[in-house]
>>> print(open('my_file.cif').read())   # mmCIF, C-alpha atoms (C1' of nucleotides)
data_start
loop_
_atom_site.label_atom_id
_atom_site.label_comp_id
_atom_site.auth_asym_id
_atom_site.auth_seq_id
_atom_site.Cartn_x
_atom_site.Cartn_y
_atom_site.Cartn_z
CA MET A 22 0.00 0.00 0.00
CA PRO A 23 1.71 3.20 -1.13
CA THR A 24 2.07 6.00 1.30
CA PRO A 25 0.21 9.07 0.11
CA PRO A 26 2.49 11.78 -1.23
CA GLU A 27 3.47 14.64 1.00
CA SER A 28 0.69 16.97 1.76
CA SER A 29 -1.54 16.28 -1.17
CA GLY A 30 -5.20 15.43 -1.30
CA GLN A 31 -4.93 11.75 -1.80
CA ALA A 32 -7.05 8.70 -1.22
CA THR A 33 -5.55 5.46 -0.01
CA GLU A 34 -7.04 2.03 -0.12
CA ALA A 35 -10.46 2.83 -1.41
CA THR A 36 -13.05 0.28 -0.43
CA THR A 37 -13.80 -0.15 -4.10
CA PRO A 38 -17.41 -1.16 -3.67
CA THR A 39 -18.63 -3.40 -6.43
CA ASP A 40 -21.41 -0.96 -7.12
CA ALA A 41 -22.66 2.35 -5.90
CA SER A 42 -25.46 1.41 -3.58
CA SER A 43 -27.26 4.70 -3.41
CA ALA A 44 -26.12 6.36 -6.59
CA SER A 45 -27.85 3.88 -8.85
CA SER A 46 -26.11 3.29 -12.12
CA SER A 47 -26.05 6.86 -13.33
CA ASP A 48 -22.81 8.71 -14.00
CA ALA A 49 -24.10 11.85 -12.29
CA LEU A 50 -22.70 12.76 -8.91
CA PRO A 51 -25.13 13.49 -6.10
CA THR A 52 -25.02 16.92 -4.53
CA VAL A 53 -22.50 17.75 -1.80
CA LYS A 54 -24.39 19.05 1.21
CA ALA A 55 -21.69 19.22 3.84
CA ILE A 56 -17.93 19.02 4.14
CA TYR A 57 -16.24 18.03 7.39
CA THR A 58 -12.56 18.67 7.97
CA ASP A 59 -9.96 18.03 10.67
CA GLY A 60 -6.21 18.10 11.17
CA ALA A 61 -3.82 16.27 13.47
CA CYS A 62 -0.15 16.65 14.29
CA SER A 63 1.95 14.31 16.43
CA GLY A 64 4.15 16.53 18.53
CA ASN A 65 3.09 19.85 17.04
CA PRO A 66 5.27 20.60 15.28
CA GLY A 67 5.82 17.12 13.91
CA PRO A 68 4.37 14.65 11.45
CA GLY A 69 0.84 15.69 10.57
CA GLY A 70 -2.26 14.46 8.82
CA TRP A 71 -5.58 15.80 7.63
CA GLY A 72 -8.96 14.24 6.95
CA THR A 73 -11.92 15.46 4.93
CA VAL A 74 -15.35 13.95 4.32
CA LEU A 75 -17.83 15.09 1.70
CA TYR A 76 -21.44 14.25 2.54
CA PHE A 77 -23.81 13.89 -0.41
CA ASP A 78 -27.54 14.45 -0.37
CA ASP A 79 -28.20 10.80 -1.16
CA GLY A 80 -26.43 9.70 2.01
CA SER A 81 -23.24 8.62 0.32
CA VAL A 82 -19.84 9.98 1.25
CA HIS A 83 -16.41 10.54 -0.19
CA GLU A 84 -13.39 10.61 2.08
CA LEU A 85 -9.99 12.22 1.58
CA GLY A 86 -6.81 12.37 3.57
CA GLY A 87 -3.18 13.40 3.37
CA ARG A 88 -0.05 13.92 5.38
CA ALA A 89 3.09 15.99 5.85
CA ASP A 90 6.33 14.95 7.48
CA GLN A 91 6.97 18.10 9.44
CA THR A 92 4.11 20.50 10.01
CA THR A 93 1.82 22.07 12.61
CA ASN A 94 -1.69 21.41 13.83
CA ASN A 95 -2.96 24.60 12.23
CA ARG A 96 -1.49 23.88 8.81
CA MET A 97 -3.16 20.47 8.78
CA GLU A 98 -6.49 22.02 9.71
CA MET A 99 -6.11 24.36 6.76
CA GLN A 100 -5.06 21.60 4.37
CA ALA A 101 -8.18 19.65 5.24
CA ALA A 102 -10.37 22.58 4.30
CA ILE A 103 -8.44 23.33 1.13
CA ALA A 104 -8.80 19.72 0.00
CA GLY A 105 -12.51 19.75 0.73
CA LEU A 106 -13.11 22.85 -1.33
CA GLN A 107 -10.89 21.64 -4.15
CA ALA A 108 -12.93 18.45 -4.34
CA LEU A 109 -16.15 20.42 -4.25
CA ILE A 110 -14.98 22.59 -7.10
CA ALA A 111 -13.97 19.51 -9.07
CA THR A 112 -17.54 18.24 -8.92
CA GLY A 113 -18.72 21.31 -10.77
CA GLN A 114 -21.54 21.63 -8.31
CA THR A 115 -23.63 24.78 -8.44
CA THR A 116 -25.48 24.60 -5.14
CA PRO A 117 -24.36 25.95 -1.75
CA VAL A 118 -22.39 23.93 0.78
CA GLU A 119 -21.67 24.06 4.49
CA LEU A 120 -18.16 23.34 5.73
CA PHE A 121 -17.56 22.20 9.32
CA THR A 122 -14.28 22.65 11.17
CA ASP A 123 -13.29 22.42 14.82
CA SER A 124 -10.60 25.03 14.31
CA GLU A 125 -11.51 28.55 15.30
CA TYR A 126 -8.20 29.48 13.74
CA VAL A 127 -9.35 28.29 10.33
CA LYS A 128 -12.93 29.46 10.61
CA LYS A 129 -12.21 32.95 11.89
CA GLY A 130 -9.12 33.23 9.73
CA ILE A 131 -10.99 32.74 6.48
CA THR A 132 -14.20 34.52 7.47
CA GLN A 133 -13.01 37.40 9.61
CA TRP A 134 -9.27 37.96 9.91
CA ILE A 135 -8.19 37.62 6.29
CA SER A 136 -9.68 40.92 5.19
CA GLY A 137 -7.60 42.75 7.78
CA TRP A 138 -4.49 40.85 6.78
CA LYS A 139 -4.91 41.91 3.18
CA ARG A 140 -5.48 45.48 4.23
CA ARG A 141 -2.35 45.43 6.40
CA ASP A 142 -0.27 43.57 3.82
CA TRP A 143 -0.28 40.31 5.79
CA GLN A 144 0.62 41.76 9.13
CA THR A 145 -1.23 40.67 12.24
CA SER A 146 -2.88 43.20 14.51
CA ALA A 147 0.36 43.03 16.50
CA LYS A 148 2.32 44.04 13.37
CA LYS A 149 3.98 40.69 13.03
CA PRO A 150 3.93 38.69 9.80
CA VAL A 151 0.90 36.46 9.42
CA LEU A 152 2.03 32.86 9.59
CA ASN A 153 0.97 30.20 7.09
CA LYS A 154 0.37 32.92 4.51
CA ASP A 155 0.88 30.41 1.70
CA LEU A 156 -2.01 28.25 2.85
CA TRP A 157 -4.21 31.22 3.70
CA GLN A 158 -3.85 32.45 0.15
CA GLU A 159 -4.58 29.01 -1.21
CA LEU A 160 -7.60 28.65 1.03
CA ASP A 161 -8.78 32.11 0.03
CA THR A 162 -8.56 31.20 -3.62
CA VAL A 163 -10.58 27.99 -3.36
CA ASN A 164 -13.04 29.64 -1.00
CA GLN A 165 -13.75 32.33 -3.55
CA ALA A 166 -13.87 29.87 -6.41
CA ALA A 167 -16.36 27.75 -4.48
CA LYS A 168 -18.49 30.79 -3.79
CA GLN A 169 -18.43 31.69 -7.45
CA GLN A 170 -19.32 28.20 -8.59
CA THR A 171 -21.97 27.36 -6.01
CA GLY A 172 -23.62 30.76 -6.19
CA ALA A 173 -23.30 31.34 -2.45
CA PRO A 174 -20.46 31.80 0.01
CA ILE A 175 -19.30 28.63 1.70
CA GLN A 176 -21.03 28.50 5.04
CA TRP A 177 -18.21 28.06 7.54
CA THR A 178 -19.42 26.40 10.72
CA TYR A 179 -17.47 25.71 13.88
CA VAL A 180 -18.08 22.42 15.64
CA ARG A 181 -16.51 21.71 18.99
CA GLY A 182 -13.99 18.89 18.75
CA HIS A 183 -14.30 15.54 20.44
CA THR A 184 -17.92 15.93 21.40
CA GLY A 185 -19.31 13.00 19.48
CA ASN A 186 -20.03 14.78 16.22
CA VAL A 187 -19.91 11.94 13.70
CA GLY A 188 -18.46 13.89 10.81
CA ASN A 189 -15.81 15.48 12.94
CA GLU A 190 -14.86 12.22 14.63
CA ARG A 191 -14.42 10.48 11.32
CA CYS A 192 -12.18 13.23 10.00
CA ASP A 193 -10.19 13.01 13.20
CA GLU A 194 -9.74 9.29 12.64
CA ILE A 195 -8.52 9.84 9.11
CA ALA A 196 -6.24 12.70 10.05
CA ARG A 197 -4.69 10.79 12.90
CA ALA A 198 -4.17 7.67 10.79
CA PHE A 199 -2.36 9.67 8.12
CA SER A 200 -0.26 11.53 10.68
CA GLN A 201 0.93 8.21 12.06
CA ASN A 202 1.42 6.63 8.66
CA GLN A 203 -1.18 4.01 9.41
CA THR A 204 -3.31 2.56 6.66
CA ILE A 205 -6.99 3.39 6.77
CA SER A 206 -9.84 2.54 4.42
CA LEU A 207 -11.38 5.63 2.92
CA LYS A 208 -14.94 5.36 1.65
CA GLN A 209 -14.86 6.58 -1.88
CA HIS A 210 -17.79 7.47 -4.00
CA PRO A 211 -17.54 5.48 -7.23
CA GLN A 212 -18.49 8.45 -9.35
CA ALA A 213 -16.07 10.65 -7.45
CA ARG A 214 -12.74 9.02 -7.99
CA HIS A 215 -11.63 12.00 -10.00
CA LEU A 216 -11.96 14.15 -6.88
CA ASN A 217 -8.81 12.70 -5.46
CA ALA A 218 -6.22 15.30 -6.23
CA MET B 30 7.34 29.35 53.27
CA PRO B 31 6.84 33.11 53.76
CA THR B 32 5.66 35.24 50.93
CA PRO B 33 8.31 37.71 49.89
CA PRO B 34 7.64 41.26 51.06
CA GLU B 35 6.26 43.83 48.69
CA SER B 36 8.67 44.97 46.06
CA SER B 37 11.93 44.16 47.74
CA GLY B 38 14.83 42.15 46.52
CA GLN B 39 14.23 39.01 48.41
CA ALA B 40 15.21 35.41 48.18
CA THR B 41 12.77 32.65 48.99
CA GLU B 42 13.52 29.08 49.67
CA ALA B 43 17.24 29.05 49.06
CA THR B 44 18.54 25.69 48.04
CA THR B 45 20.95 25.92 51.00
CA PRO B 46 23.60 23.63 49.59
CA THR B 47 25.73 21.99 52.23
CA ASP B 48 28.78 23.44 50.61
CA ALA B 49 29.74 25.66 47.73
CA SER B 50 30.72 23.24 45.04
CA SER B 51 32.54 25.57 42.73
CA ALA B 52 33.63 28.28 45.14
CA SER B 53 35.78 25.93 47.19
CA SER B 54 35.99 26.80 50.87
CA SER B 55 37.11 30.39 50.43
CA ASP B 56 34.98 33.34 51.48
CA ALA B 57 35.74 35.19 48.26
CA LEU B 58 32.96 35.63 45.75
CA PRO B 59 33.63 34.76 42.14
CA THR B 60 33.34 37.55 39.59
CA VAL B 61 29.96 38.59 38.17
CA LYS B 62 30.13 38.40 34.39
CA ALA B 63 26.55 38.94 33.38
CA ILE B 64 23.26 40.03 34.89
CA TYR B 65 19.94 39.00 33.36
CA THR B 66 16.72 40.77 34.29
CA ASP B 67 13.02 40.50 33.51
CA GLY B 68 9.70 41.79 34.75
CA ALA B 69 6.16 40.45 34.66
CA CYS B 70 2.77 41.93 35.44
CA SER B 71 -0.54 40.08 35.45
CA GLY B 72 -3.12 42.36 33.94
CA ASN B 73 -0.77 45.29 33.44
CA PRO B 74 -1.44 47.17 35.55
CA GLY B 75 -1.83 44.57 38.26
CA PRO B 76 0.21 42.33 40.51
CA GLY B 77 3.78 42.24 39.28
CA GLY B 78 7.04 40.42 39.80
CA TRP B 79 10.64 40.71 38.74
CA GLY B 80 13.49 38.25 38.39
CA THR B 81 17.24 38.76 38.23
CA VAL B 82 20.09 36.29 37.79
CA LEU B 83 23.76 37.05 38.40
CA TYR B 84 26.10 34.80 36.44
CA PHE B 85 29.57 34.33 37.93
CA ASP B 86 32.73 33.50 36.04
CA ASP B 87 33.00 30.13 37.74
CA GLY B 88 29.63 29.05 36.38
CA SER B 89 27.69 29.59 39.56
CA VAL B 90 24.66 31.83 39.80
CA HIS B 91 22.73 33.89 42.30
CA GLU B 92 19.04 34.50 41.75
CA LEU B 93 16.83 37.27 43.06
CA GLY B 94 13.16 38.07 42.80
CA GLY B 95 10.50 40.33 44.18
CA ARG B 96 6.94 41.46 43.75
CA ALA B 97 4.50 44.35 43.98
CA ASP B 98 0.76 44.19 44.50
CA GLN B 99 -0.17 46.85 42.01
CA THR B 100 2.31 47.91 39.40
CA THR B 101 3.13 47.92 35.67
CA ASN B 102 5.25 45.80 33.39
CA ASN B 103 7.75 48.60 32.88
CA ARG B 104 8.23 49.26 36.58
CA MET B 105 8.94 45.60 37.14
CA GLU B 106 11.48 45.58 34.32
CA MET B 107 13.19 48.50 36.00
CA GLN B 108 13.09 46.90 39.44
CA ALA B 109 14.81 43.82 38.10
CA ALA B 110 17.67 45.92 36.76
CA ILE B 111 17.94 48.00 39.93
CA ALA B 112 18.13 44.86 42.05
CA GLY B 113 20.80 43.39 39.80
CA LEU B 114 23.00 46.44 40.03
CA GLN B 115 22.46 46.78 43.77
CA ALA B 116 23.62 43.20 44.22
CA LEU B 117 26.59 43.81 41.96
CA ILE B 118 27.59 46.84 44.00
CA ALA B 119 27.20 44.86 47.21
CA THR B 120 29.81 42.40 45.98
CA GLY B 121 32.36 45.17 45.82
CA GLN B 122 33.42 43.90 42.42
CA THR B 123 35.80 46.06 40.42
CA THR B 124 35.52 44.47 36.98
CA PRO B 125 33.02 45.33 34.21
CA VAL B 126 29.66 43.64 33.80
CA GLU B 127 27.11 43.19 31.04
CA LEU B 128 23.41 43.51 31.86
CA PHE B 129 20.80 41.89 29.63
CA THR B 130 17.20 43.04 29.40
CA ASP B 131 14.38 42.37 26.95
CA SER B 132 12.95 45.80 27.59
CA GLU B 133 13.85 48.45 25.05
CA TYR B 134 12.15 50.82 27.44
CA VAL B 135 14.71 50.10 30.15
CA LYS B 136 17.71 49.81 27.91
CA LYS B 137 17.10 52.93 25.86
CA GLY B 138 15.75 54.76 28.87
CA ILE B 139 18.94 54.41 30.86
CA THR B 140 21.40 54.62 27.98
CA GLN B 141 19.85 57.21 25.66
CA TRP B 142 16.74 58.95 26.86
CA ILE B 143 17.70 59.84 30.40
CA SER B 144 20.15 62.56 29.42
CA GLY B 145 17.40 64.38 27.53
CA TRP B 146 15.04 64.00 30.44
CA LYS B 147 17.50 65.60 32.79
CA ARG B 148 18.13 68.41 30.36
CA ARG B 149 14.40 69.02 30.02
CA ASP B 150 13.74 68.67 33.73
CA TRP B 151 12.04 65.27 33.37
CA GLN B 152 9.83 66.12 30.48
CA THR B 153 9.47 63.77 27.54
CA SER B 154 10.11 64.94 24.02
CA ALA B 155 6.37 65.46 23.85
CA LYS B 156 6.59 67.80 26.86
CA LYS B 157 4.80 65.44 29.16
CA PRO B 158 6.15 64.41 32.53
CA VAL B 159 8.40 61.36 32.40
CA LEU B 160 6.66 58.52 34.17
CA ASN B 161 8.37 56.28 36.71
CA LYS B 162 10.75 59.10 37.52
CA ASP B 163 11.36 57.62 40.96
CA LEU B 164 12.69 54.39 39.54
CA TRP B 165 14.60 56.10 36.74
CA GLN B 166 16.47 58.12 39.32
CA GLU B 167 17.13 55.05 41.41
CA LEU B 168 18.33 53.15 38.36
CA ASP B 169 20.49 56.08 37.33
CA THR B 170 22.10 56.14 40.76
CA VAL B 171 23.00 52.47 40.86
CA ASN B 172 24.06 52.55 37.22
CA GLN B 173 26.53 55.31 37.96
CA ALA B 174 27.70 53.69 41.16
CA ALA B 175 28.30 50.45 39.30
CA LYS B 176 30.26 52.29 36.65
CA GLN B 177 32.35 53.95 39.31
CA GLN B 178 33.01 50.74 41.15
CA THR B 179 33.65 48.43 38.20
CA GLY B 180 35.74 50.94 36.33
CA ALA B 181 33.56 50.77 33.21
CA PRO B 182 29.99 51.64 32.30
CA ILE B 183 27.53 48.80 32.63
CA GLN B 184 27.13 47.32 29.20
CA TRP B 185 23.40 47.36 28.58
CA THR B 186 22.36 44.71 26.08
CA TYR B 187 18.94 44.06 24.64
CA VAL B 188 17.89 40.45 24.19
CA ARG B 189 14.67 39.57 22.42
CA GLY B 190 12.18 37.96 24.78
CA HIS B 191 10.90 34.41 24.49
CA THR B 192 13.47 33.27 21.97
CA GLY B 193 15.06 30.56 24.02
CA ASN B 194 17.72 32.68 25.72
CA VAL B 195 18.40 30.73 28.89
CA GLY B 196 19.14 33.65 31.17
CA ASN B 197 16.11 35.58 29.97
CA GLU B 198 13.83 32.59 30.25
CA ARG B 199 14.90 31.91 33.81
CA CYS B 200 14.28 35.51 34.84
CA ASP B 201 10.90 35.29 33.21
CA GLU B 202 10.12 32.22 35.26
CA ILE B 203 11.13 33.94 38.49
CA ALA B 204 9.29 37.15 37.67
CA ARG B 205 6.12 35.33 36.75
CA ALA B 206 6.24 33.15 39.85
CA PHE B 207 6.56 36.19 42.10
CA SER B 208 3.83 38.06 40.27
CA GLN B 209 1.47 35.16 40.89
CA ASN B 210 2.61 34.66 44.44
CA GLN B 211 3.82 31.18 43.68
CA THR B 212 6.76 29.71 45.51
CA ILE B 213 9.90 29.16 43.49
CA SER B 214 13.33 27.91 44.48
CA LEU B 215 15.99 30.49 43.83
CA LYS B 216 19.54 29.28 43.38
CA GLN B 217 21.58 31.22 45.84
CA HIS B 218 25.31 31.45 45.93
CA PRO B 219 26.45 30.44 49.44
CA GLN B 220 28.89 33.33 49.63
CA ALA B 221 26.32 35.75 48.33
CA ARG B 222 23.55 35.61 50.87
CA HIS B 223 24.25 39.16 51.86
CA LEU B 224 23.29 40.27 48.36
CA ASN B 225 19.65 39.77 49.14
CA ALA B 226 18.43 43.22 49.95
"C1'" G C 4 3.82 56.81 12.64
"C1'" G C 5 7.57 53.40 14.94
"C1'" A C 6 9.65 50.07 18.75
"C1'" C C 7 9.92 46.84 22.85
"C1'" A C 8 7.54 44.58 26.62
"C1'" C C 9 3.43 43.03 29.64
"C1'" C C 10 -1.15 40.81 29.82
"C1'" G C 11 -6.31 38.96 28.73
"C1'" U C 12 -9.16 35.71 25.62
"C1'" U C 13 -10.24 31.68 22.16
"C1'" U C 14 -9.75 27.14 19.60
"C1'" A C 15 -6.99 23.23 18.33
"C1'" U C 16 -2.73 20.00 18.56
"C1'" C C 17 0.26 17.08 21.60
"C1'" DG D 18 2.87 20.35 31.43
"C1'" DA D 19 3.89 22.45 26.21
"C1'" DT D 20 3.15 24.28 21.10
"C1'" DA D 21 0.40 26.50 17.22
"C1'" DA D 22 -1.98 30.79 16.02
"C1'" DA D 23 -5.19 34.65 16.07
"C1'" DC D 24 -7.85 38.54 18.44
"C1'" DG D 25 -8.35 42.33 22.04
"C1'" DG D 26 -5.95 45.55 25.43
"C1'" DT D 27 -2.11 48.49 28.49
"C1'" DG D 28 2.65 50.22 29.76
"C1'" DT D 29 6.07 53.59 27.88
"C1'" DC D 30 9.27 55.90 24.93
"C1'" DC D 31 10.94 58.17 20.30
#
>>> encode(input="my_file.cif", output="structure tokens")
Amino acid sequence: MPTPPESSGQATEATTPTDASSASSSDALPTVKAIYTDGACSGNPGPGGWGTVLYFDDGSVHELGGRADQTTNNRMEMQAAIAGLQALIATGQTTPVELFTDSEYVKKGITQWISGWKRRDWQTSAKKPVLNKDLWQELDTVNQAAKQQTGAPIQWTYVRGHTGNVGNERCDEIARAFSQNQTISLKQHPQARHLNA
Amino acid sequence: MPTPPESSGQATEATTPTDASSASSSDALPTVKAIYTDGACSGNPGPGGWGTVLYFDDGSVHELGGRADQTTNNRMEMQAAIAGLQALIATGQTTPVELFTDSEYVKKGITQWISGWKRRDWQTSAKKPVLNKDLWQELDTVNQAAKQQTGAPIQWTYVRGHTGNVGNERCDEIARAFSQNQTISLKQHPQARHLNA
RNA sequence: GGACACCGUUUAUC
DNA sequence: GATAAACGGTGTCC
């Protein structure tokens, strides 16, 4: 089983169902209703992983994950969101989506703080350089592209971590598995294989 | 364990080694090479603490700390420096010393700004009264006395805070402990007990 | 306008 | 216990 490449949206060990149970035999993808994301990092900084799950309106799901050898918790949280939005964009979907994260850093960063950072040329309110600027810009790009394509801004929703939320727990599982280089079976939508970056 | 008195150079809970390991059995103090200082203040203004470490040329150290119920960060930074120079003077040492602080306020205040303040009768360049004049005058006095005694001006050196500098980090620990009224063991040089004001 | 420091808060990751 | 990051504020000076 190949290890997923560094820090890229990548699916490992798809369950390869013999047939799509809920998607009938059509080639059309169901609609993405929700995206869950989470990041993990052993040591922080240290080896990290991220997990993302797309929930479709027919009840099916598509799971993604990735890793980085040396990273931080916050970067992995961002990567998870970037991968989710990239996959969403790849579906060509034109209806709005809600994205769930347990990171206030990611949620507030993309919805509140980023406008100030642009205004101040990527300086924090304390006049220090904004960290993870590369990923913030990437996230900003896909966030705007998703808004454009779906006709509505991504609805960013914070969910408290480790409180039993099924979507969040599953992403946590995926993220942690990738961060520890463990193999994990990702549920992959048969009509969504092309979403794996 | 008694709480140290308000705002005085005071040692708590000396390690009371059975013997001075590196100072042999002589009564002579080793030479102070460096003095580190730091201040802390919960709330700012609020309860504050300061920490000072004298580093001797034989590798031994002598630590000091103190607190104030209601003060500011800058006053505590100044107190730490005053205590360090008072202790230096008490040793009777006649060789030059370097003093490290992470406060540009203290460093520039004593090395650059104070001459202008005296010239302008303790008015800032904006014609407002210089604050903390009491401590500036005290610091000026010990700074000059130390220069006189050691034969060279104190070398005031700025060190960036929280960047892993061992001396600075230790002073930070002491200052914060005193500001929060926590007990902390100060390493005390056996031949330097009299340095505790 | 600039600089340094000192806090307070929040979430996550270990 | 510690790190990763952001926000808000004060203490002080030039």
>>> resolve_selection(input="my_file.cif", expression="the PyMOL selection byres ((chain A and resi 134-141) around 10)", output="short mmCIF file (atom, residue, chain, number, x, y, z; two decimals) with C-alpha atoms (C1' of nucleotides), keeping the file's coordinate frame")
data_model
loop_
_atom_site.label_atom_id
_atom_site.label_comp_id
_atom_site.auth_asym_id
_atom_site.auth_seq_id
_atom_site.Cartn_x
_atom_site.Cartn_y
_atom_site.Cartn_z
CA TYR A 126 -8.20 29.48 13.74
CA VAL A 127 -9.35 28.29 10.33
CA LYS A 128 -12.93 29.46 10.61
CA LYS A 129 -12.21 32.95 11.89
CA GLY A 130 -9.12 33.23 9.73
CA ILE A 131 -10.99 32.74 6.48
CA THR A 132 -14.20 34.52 7.47
CA GLN A 133 -13.01 37.40 9.61
CA ASP A 142 -0.27 43.57 3.82
CA TRP A 143 -0.28 40.31 5.79
CA GLN A 144 0.62 41.76 9.13
CA THR A 145 -1.23 40.67 12.24
CA SER A 146 -2.88 43.20 14.51
CA LYS A 148 2.32 44.04 13.37
CA PRO A 150 3.93 38.69 9.80
CA VAL A 151 0.90 36.46 9.42
CA LYS A 154 0.37 32.92 4.51
CA TRP A 157 -4.21 31.22 3.70
CA GLN A 158 -3.85 32.45 0.15
CA ASP A 161 -8.78 32.11 0.03
"C1'" DA D 23 -5.19 34.65 16.07
"C1'" DC D 24 -7.85 38.54 18.44
#
>>> closest_atom_pairs(input="my_file.cif", of="chain A", to="chain D", cutoff="7 Å", atoms="only C-alpha atoms (C1' of nucleotides)", output="JSON lines")
{"residue": "A:Asn65", "atom": "CA", "partner": "D:DT20", "partner_atom": "C1'", "distance": 6.0}
{"residue": "A:Thr93", "atom": "CA", "partner": "D:DA21", "partner_atom": "C1'", "distance": 6.5}
{"residue": "A:Asn94", "atom": "CA", "partner": "D:DA21", "partner_atom": "C1'", "distance": 6.5}
{"residue": "A:Asn95", "atom": "CA", "partner": "D:DA21", "partner_atom": "C1'", "distance": 6.3}
{"residue": "A:Tyr126", "atom": "CA", "partner": "D:DA23", "partner_atom": "C1'", "distance": 6.4}
>>> interface_residues(input="my_file.cif", of="chain B", to="chain C", cutoff="6 Å", atoms="only C-alpha atoms (C1' of nucleotides)", output="PDB file with C-alpha atoms, in the coordinates of the input")
ATOM      1  CA  CYS B  70       2.770  41.930  35.440  1.00  0.00           C
ATOM      2  CA  SER B  71      -0.540  40.080  35.450  1.00  0.00           C
ATOM      3  CA  GLY B  72      -3.120  42.360  33.940  1.00  0.00           C
ATOM      4  CA  ASN B  73      -0.770  45.290  33.440  1.00  0.00           C
ATOM      5  CA  ASN B 102       5.250  45.800  33.390  1.00  0.00           C
ATOM      6  CA  SER B 132      12.950  45.800  27.590  1.00  0.00           C
ATOM      7  CA  GLU B 133      13.850  48.450  25.050  1.00  0.00           C
TER       8      GLU B 133
END
>>> resolve_selection(input="my_file.cif", expression="the PyMOL selection byres ((chain A and resi 72-76) around 8)", output="ChimeraX atom specification")
/A:53-60,70-71,77-78,80-87,101-102,104-105,188,191-196
>>> atom_distance(input="my_file.cif", atom1="CA of Gln173 in chain B", atom2="CA of Met107 in chain B")
15.1 Å
>>> atom_distance(input="my_file.cif", atom1="CA of Ala69 in chain B", atom2="CA of Glu106 in chain B")
7.4 Å
>>> atom_distance(input="my_file.cif", atom1="CA of Lys216 in chain B", atom2="CA of Asn197 in chain B")
15.2 Å
>>> closest_residue(input="my_file.cif", among="B:Ala175, B:Leu215, B:Leu58, B:Leu168", to="Thr124 in chain B", atoms="only C-alpha atoms")
B:Ala175
>>> closest_residue(input="my_file.cif", among="B:Thr130, B:Phe207, B:Arg222, B:Thr60", to="Asp98 in chain B", atoms="all atoms listed in the file")
B:Phe207
>>> resolve_selection(input="my_file.cif", expression="the PyMOL selection byres ((chain A and resi 113) around 12)", output="ChimeraX atom specification")
/A:49-53,106-112,114-117,166-172,213,215-216
>>> decode(input="my_file.cif", residues="range 102-115 of chain B", atoms="N, CA and C atoms", output="PDB file, in the first residue's frame")
ATOM      1  N   ASN B 102       4.173  46.593  33.977  1.00  0.00           N
ATOM      2  CA  ASN B 102       5.251  45.799  33.388  1.00  0.00           C
ATOM      3  C   ASN B 102       6.565  46.573  33.392  1.00  0.00           C
ATOM      4  N   ASN B 103       6.515  47.835  33.011  1.00  0.00           N
ATOM      5  CA  ASN B 103       7.747  48.596  32.884  1.00  0.00           C
ATOM      6  C   ASN B 103       8.419  48.846  34.232  1.00  0.00           C
ATOM      7  N   ARG B 104       7.633  49.072  35.255  1.00  0.00           N
ATOM      8  CA  ARG B 104       8.227  49.258  36.581  1.00  0.00           C
ATOM      9  C   ARG B 104       8.915  47.974  37.035  1.00  0.00           C
ATOM     10  N   MET B 105       8.320  46.854  36.734  1.00  0.00           N
ATOM     11  CA  MET B 105       8.938  45.598  37.137  1.00  0.00           C
ATOM     12  C   MET B 105      10.233  45.338  36.365  1.00  0.00           C
ATOM     13  N   GLU B 106      10.247  45.717  35.096  1.00  0.00           N
ATOM     14  CA  GLU B 106      11.482  45.578  34.321  1.00  0.00           C
ATOM     15  C   GLU B 106      12.580  46.442  34.935  1.00  0.00           C
ATOM     16  N   MET B 107      12.205  47.612  35.382  1.00  0.00           N
ATOM     17  CA  MET B 107      13.190  48.504  36.001  1.00  0.00           C
ATOM     18  C   MET B 107      13.660  47.950  37.345  1.00  0.00           C
ATOM     19  N   GLN B 108      12.741  47.467  38.123  1.00  0.00           N
ATOM     20  CA  GLN B 108      13.088  46.902  39.439  1.00  0.00           C
ATOM     21  C   GLN B 108      14.097  45.774  39.313  1.00  0.00           C
ATOM     22  N   ALA B 109      13.899  44.950  38.301  1.00  0.00           N
ATOM     23  CA  ALA B 109      14.805  43.823  38.097  1.00  0.00           C
ATOM     24  C   ALA B 109      16.229  44.321  37.853  1.00  0.00           C
ATOM     25  N   ALA B 110      16.343  45.377  37.062  1.00  0.00           N
ATOM     26  CA  ALA B 110      17.667  45.920  36.765  1.00  0.00           C
ATOM     27  C   ALA B 110      18.273  46.595  37.992  1.00  0.00           C
ATOM     28  N   ILE B 111      17.454  47.340  38.705  1.00  0.00           N
ATOM     29  CA  ILE B 111      17.937  48.002  39.927  1.00  0.00           C
ATOM     30  C   ILE B 111      18.466  46.967  40.908  1.00  0.00           C
ATOM     31  N   ALA B 112      17.713  45.904  41.102  1.00  0.00           N
ATOM     32  CA  ALA B 112      18.135  44.865  42.047  1.00  0.00           C
ATOM     33  C   ALA B 112      19.441  44.218  41.610  1.00  0.00           C
ATOM     34  N   GLY B 113      19.570  44.011  40.302  1.00  0.00           N
ATOM     35  CA  GLY B 113      20.798  43.392  39.801  1.00  0.00           C
ATOM     36  C   GLY B 113      22.014  44.265  40.063  1.00  0.00           C
ATOM     37  N   LEU B 114      21.858  45.544  39.832  1.00  0.00           N
ATOM     38  CA  LEU B 114      22.995  46.444  40.034  1.00  0.00           C
ATOM     39  C   LEU B 114      23.284  46.655  41.518  1.00  0.00           C
ATOM     40  N   GLN B 115      22.235  46.678  42.321  1.00  0.00           N
ATOM     41  CA  GLN B 115      22.455  46.778  43.765  1.00  0.00           C
ATOM     42  C   GLN B 115      23.259  45.583  44.269  1.00  0.00           C
TER      43      GLN B 115
END
